[in-house]
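To keep things clear, I will list the structure first and then write my remarks on it.
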Amino acid sequence: VAMQDRVARAEALAGLGEMAATVAHEIRNPMGSIVMAAKQLAGEDLSGEERGLVIDVLKSESQRLNETLTNFLSYARPRELKLERGDLNGMVGEICRMVETNPDLLKQARLTVRLEGSFEPFPMDHAQVRQVVWNILLNALQAVDGRGEVRVETVRQAGEAHLRVSDTGPGIPESARAGLFKPFHTTKSQGTGLGLAIADRIVKAHGGRIEVDSPPGQGARFTVILPVVQG
């Protein structure tokens, strides 16, 4: 029992160390850019165009820092579910329209949306499910990197709501699949690896699951499955 206790403490400390290193890395980069931009603005030798570029850096890096901290807080302090009847199709359609009007997100990629018309509102935590949709869709957009296609579909099957997000990106390496929903696990050069971990936690809290299909070299498909409980 004492040995098991020591192993558990060692694993907890290792996890804490990994989290601290990730936090430091993800905060240091935007903070460094912000400090450098602030120093440049303090100078008097910037042209109007250069000053505008520096201000853009301040805005984008501040937003990146805020998103990083928000993700950490979302994972570290999960909120209790606040269930209200919500329209999944309406939520997904709204998010897709926001992506279509944002060239920084979509770039040259194609977004195809097919929403099943027979859905009825069902109990869900609207804000948290919205975060799941954003995280899964953003992951697909990053996978295609401005090229190819992202497909978003909703389907109702046997008392379940299925949200399918498919992309024509490079797919998920076999070596990365086991840790796909683990916190701080990422194959990207930037990012905390918390997006999918947060989505998985939220979906499980709703009594659902996320399934992943990624044949080698054929992109990836994430299916978010939520129980449709009436009443």
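Naming scheme: A, B, ... for chains in displayed order of the structure tokens; residues 1 onward per chain; ligands 1 onward as shown.
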
Please identify every residue of range 111-166 of chain A that has at least one atom no farther than 10 Å from an atom of range 197-213 of chain A, counting only C-alpha atoms, and for each give the shortest atom pair and the distance in Å to one decimal, arranged by chain then increasing number, as JSON lines.
{"residue": "A:Pro123", "atom": "CA", "partner": "A:His206", "partner_atom": "CA", "distance": 9.3}
{"residue": "A:Met124", "atom": "CA", "partner": "A:His206", "partner_atom": "CA", "distance": 7.3}
{"residue": "A:Asp125", "atom": "CA", "partner": "A:His206", "partner_atom": "CA", "distance": 8.3}
{"residue": "A:Gln128", "atom": "CA", "partner": "A:Ile202", "partner_atom": "CA", "distance": 6.7}
{"residue": "A:Val129", "atom": "CA", "partner": "A:Ile202", "partner_atom": "CA", "distance": 7.2}
{"residue": "A:Arg130", "atom": "CA", "partner": "A:Ala199", "partner_atom": "CA", "distance": 9.7}
{"residue": "A:Gln131", "atom": "CA", "partner": "A:Ala199", "partner_atom": "CA", "distance": 7.2}
{"residue": "A:Val132", "atom": "CA", "partner": "A:Ala199", "partner_atom": "CA", "distance": 4.7}
{"residue": "A:Val133", "atom": "CA", "partner": "A:Ala199", "partner_atom": "CA", "distance": 8.1}
{"residue": "A:Trp134", "atom": "CA", "partner": "A:Ala199", "partner_atom": "CA", "distance": 9.2}
{"residue": "A:Asn135", "atom": "CA", "partner": "A:Ala199", "partner_atom": "CA", "distance": 6.8}
{"residue": "A:Ile136", "atom": "CA", "partner": "A:Ala199", "partner_atom": "CA", "distance": 7.6}
{"residue": "A:Glu160", "atom": "CA", "partner": "A:Gly208", "partner_atom": "CA", "distance": 8.8}
{"residue": "A:Ala161", "atom": "CA", "partner": "A:Gly208", "partner_atom": "CA", "distance": 9.4}
{"residue": "A:His162", "atom": "CA", "partner": "A:Ile210", "partner_atom": "CA", "distance": 9.5}
{"residue": "A:Leu163", "atom": "CA", "partner": "A:Ile210", "partner_atom": "CA", "distance": 9.4}
{"residue": "A:Arg164", "atom": "CA", "partner": "A:Glu211", "partner_atom": "CA", "distance": 9.4}
{"residue": "A:Val165", "atom": "CA", "partner": "A:Val212", "partner_atom": "CA", "distance": 9.8}
{"residue": "A:Ser166", "atom": "CA", "partner": "A:Asp213", "partner_atom": "CA", "distance": 9.1}

Tell me which protein, DNA and RNA residues are within 12 Å of range 98-110 of chain A, counting only C-alpha atoms, leaving out same-chain ones fewer than 6 positions away, and put them as JSON, numbers by chain.
-> {"A": [60, 91, 92, 133, 134, 137, 138, 139, 140, 141, 142, 143, 144, 145, 146, 147, 148, 149, 150, 151, 152, 166, 167, 168, 169]}

Mind the document's chain letters and residue numbers, and return as an MDAnalysis selection string the residues of range 11-219 of chain A that DSSP labels strand (DSSP E or B).
-> chainID A and resid 84:86 110:115 122:124 149:157 160:167 209:213

Save the residues we just selected, C-alpha atoms, as a tab-separated table (two decimals), in the first residue's frame?
chain	number	residue	atom	x	y	z
A	84	GLU	CA	-31.43	23.27	-21.22
A	85	ARG	CA	-33.19	22.24	-24.40
A	86	GLY	CA	-30.96	23.37	-27.25
A	110	ARG	CA	-13.81	24.39	-48.69
A	111	LEU	CA	-16.40	24.00	-45.95
A	112	THR	CA	-19.35	21.74	-46.78
A	113	VAL	CA	-22.27	21.67	-44.36
A	114	ARG	CA	-25.19	19.19	-44.34
A	115	LEU	CA	-27.57	19.43	-41.39
A	122	PHE	CA	-32.87	18.23	-26.58
A	123	PRO	CA	-31.24	18.88	-23.17
A	124	MET	CA	-27.60	19.98	-23.35
A	149	GLU	CA	-12.17	20.22	-47.68
A	150	VAL	CA	-13.83	20.08	-44.28
A	151	ARG	CA	-17.30	18.47	-44.10
A	152	VAL	CA	-19.71	19.05	-41.23
A	153	GLU	CA	-22.80	16.84	-40.91
A	154	THR	CA	-25.46	16.16	-38.31
A	155	VAL	CA	-27.44	12.91	-38.24
A	156	ARG	CA	-29.95	11.44	-35.81
A	157	GLN	CA	-29.62	7.73	-35.15
A	160	GLU	CA	-28.55	9.80	-30.53
A	161	ALA	CA	-27.37	13.02	-32.17
A	162	HIS	CA	-24.28	12.54	-34.34
A	163	LEU	CA	-22.06	15.45	-35.32
A	164	ARG	CA	-19.51	14.38	-37.93
A	165	VAL	CA	-16.55	16.58	-38.83
A	166	SER	CA	-14.36	15.19	-41.62
A	167	ASP	CA	-11.25	16.62	-43.22
A	209	ARG	CA	-18.61	9.74	-26.68
A	210	ILE	CA	-16.30	10.83	-29.50
A	211	GLU	CA	-15.30	8.32	-32.18
A	212	VAL	CA	-12.36	8.81	-34.52
A	213	ASP	CA	-11.80	7.25	-37.93

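In this structure, CA of Leu58 in chain A sits 6.4 Å away from CA of Ala37 in chain A.
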
Point out the residue among A:Phe72, A:Ser47, A:Ile34, A:Arg6 with the least atom-to-atom distance to Lys59 in chain A, counting only C-alpha atoms.
-> A:Ile34

Backbone DSSP call of alpha helix (DSSP H) for range 105-152 of chain A, listed as number ranges by chain = A: 105-106, 126-144

For Pro30 in chain A, list every protein, DNA or RNA residue within 12 Å, evaluated using only C-alpha atoms, and leave out those in the same chain fewer than 3 positions away; present the list as an NGL selection string.
-> :A and (23-27 or 33-37 or 57-69 or 190-191)

Mind writing the picked residues with N, CA, C and O atoms as a compact mmCIF listing (two decimals), in the first residue's frame?
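again_24.txt, freshly written:
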# COMPACT_ATOMS: atom_id res chain seq x y z
N VAL A 23 2.53 25.06 -19.61
CA VAL A 23 2.03 26.40 -19.33
C VAL A 23 3.11 27.44 -19.57
O VAL A 23 2.88 28.47 -20.22
N ALA A 24 4.31 27.19 -19.05
CA ALA A 24 5.41 28.14 -19.20
C ALA A 24 5.73 28.37 -20.67
O ALA A 24 5.93 29.51 -21.10
N HIS A 25 5.77 27.28 -21.44
CA HIS A 25 6.10 27.40 -22.86
C HIS A 25 5.04 28.19 -23.62
O HIS A 25 5.35 29.08 -24.40
N GLU A 26 3.77 27.86 -23.37
CA GLU A 26 2.69 28.49 -24.12
C GLU A 26 2.47 29.95 -23.72
O GLU A 26 1.95 30.73 -24.52
N ILE A 27 2.85 30.32 -22.50
CA ILE A 27 2.71 31.71 -22.07
C ILE A 27 3.94 32.53 -22.47
O ILE A 27 3.83 33.70 -22.83
N SER A 33 6.59 38.16 -27.44
CA SER A 33 6.19 39.01 -28.57
C SER A 33 5.54 40.30 -28.10
O SER A 33 5.77 41.37 -28.68
N ILE A 34 4.74 40.22 -27.05
CA ILE A 34 4.07 41.42 -26.52
C ILE A 34 5.08 42.41 -25.96
O ILE A 34 5.00 43.62 -26.20
N VAL A 35 6.06 41.89 -25.21
CA VAL A 35 7.09 42.76 -24.63
C VAL A 35 7.91 43.44 -25.73
O VAL A 35 8.18 44.64 -25.69
N MET A 36 8.27 42.67 -26.75
CA MET A 36 9.05 43.23 -27.86
C MET A 36 8.25 44.30 -28.60
O MET A 36 8.77 45.38 -28.95
N ALA A 37 6.97 44.03 -28.84
CA ALA A 37 6.13 45.00 -29.54
C ALA A 37 5.96 46.28 -28.72
O ALA A 37 5.96 47.38 -29.26
N VAL A 57 0.41 42.86 -34.05
CA VAL A 57 1.10 41.81 -33.29
C VAL A 57 0.61 41.80 -31.85
O VAL A 57 0.33 40.74 -31.26
N LEU A 58 0.49 42.99 -31.26
CA LEU A 58 0.00 43.08 -29.89
C LEU A 58 -1.39 42.47 -29.75
O LEU A 58 -1.68 41.72 -28.81
N LYS A 59 -2.26 42.78 -30.71
CA LYS A 59 -3.63 42.26 -30.66
C LYS A 59 -3.66 40.74 -30.80
O LYS A 59 -4.32 40.04 -30.03
N SER A 60 -2.95 40.22 -31.81
CA SER A 60 -3.00 38.78 -32.08
C SER A 60 -2.35 37.98 -30.96
O SER A 60 -2.87 36.93 -30.54
N GLU A 61 -1.23 38.45 -30.42
CA GLU A 61 -0.55 37.71 -29.36
C GLU A 61 -1.31 37.80 -28.04
O GLU A 61 -1.32 36.85 -27.26
N SER A 62 -1.97 38.93 -27.80
CA SER A 62 -2.80 39.05 -26.60
C SER A 62 -3.97 38.08 -26.69
O SER A 62 -4.33 37.43 -25.69
N GLN A 63 -4.57 37.96 -27.88
CA GLN A 63 -5.67 37.03 -28.07
C GLN A 63 -5.19 35.59 -27.89
O GLN A 63 -5.87 34.77 -27.27
N ARG A 64 -4.03 35.29 -28.43
CA ARG A 64 -3.47 33.94 -28.29
C ARG A 64 -3.22 33.61 -26.82
O ARG A 64 -3.51 32.50 -26.36
N LEU A 65 -2.68 34.57 -26.07
CA LEU A 65 -2.42 34.37 -24.65
C LEU A 65 -3.73 34.14 -23.89
O LEU A 65 -3.81 33.25 -23.04
N ASN A 66 -4.75 34.93 -24.22
CA ASN A 66 -6.04 34.77 -23.56
C ASN A 66 -6.66 33.40 -23.86
O ASN A 66 -7.21 32.75 -22.96
N GLU A 67 -6.55 32.94 -25.10
CA GLU A 67 -7.09 31.63 -25.47
C GLU A 67 -6.36 30.51 -24.72
O GLU A 67 -6.98 29.54 -24.28
N THR A 68 -5.04 30.65 -24.59
CA THR A 68 -4.26 29.65 -23.88
C THR A 68 -4.69 29.54 -22.43
O THR A 68 -4.94 28.45 -21.91
N LEU A 69 -4.81 30.69 -21.76
CA LEU A 69 -5.22 30.69 -20.36
C LEU A 69 -6.65 30.18 -20.20
O LEU A 69 -6.96 29.45 -19.24
N GLN A 190 2.42 24.44 -32.45
CA GLN A 190 1.87 25.33 -31.44
C GLN A 190 0.59 24.72 -30.90
O GLN A 190 -0.10 23.97 -31.57
N GLY A 191 0.29 25.05 -29.65
CA GLY A 191 -0.94 24.55 -29.06
C GLY A 191 -0.67 23.77 -27.79
O GLY A 191 0.41 23.19 -27.61

Using CA of Gly32 in chain A and CA of Lys182 in chain A as the two end points, give the distance in Å to one decimal.
-> 27.8 Å
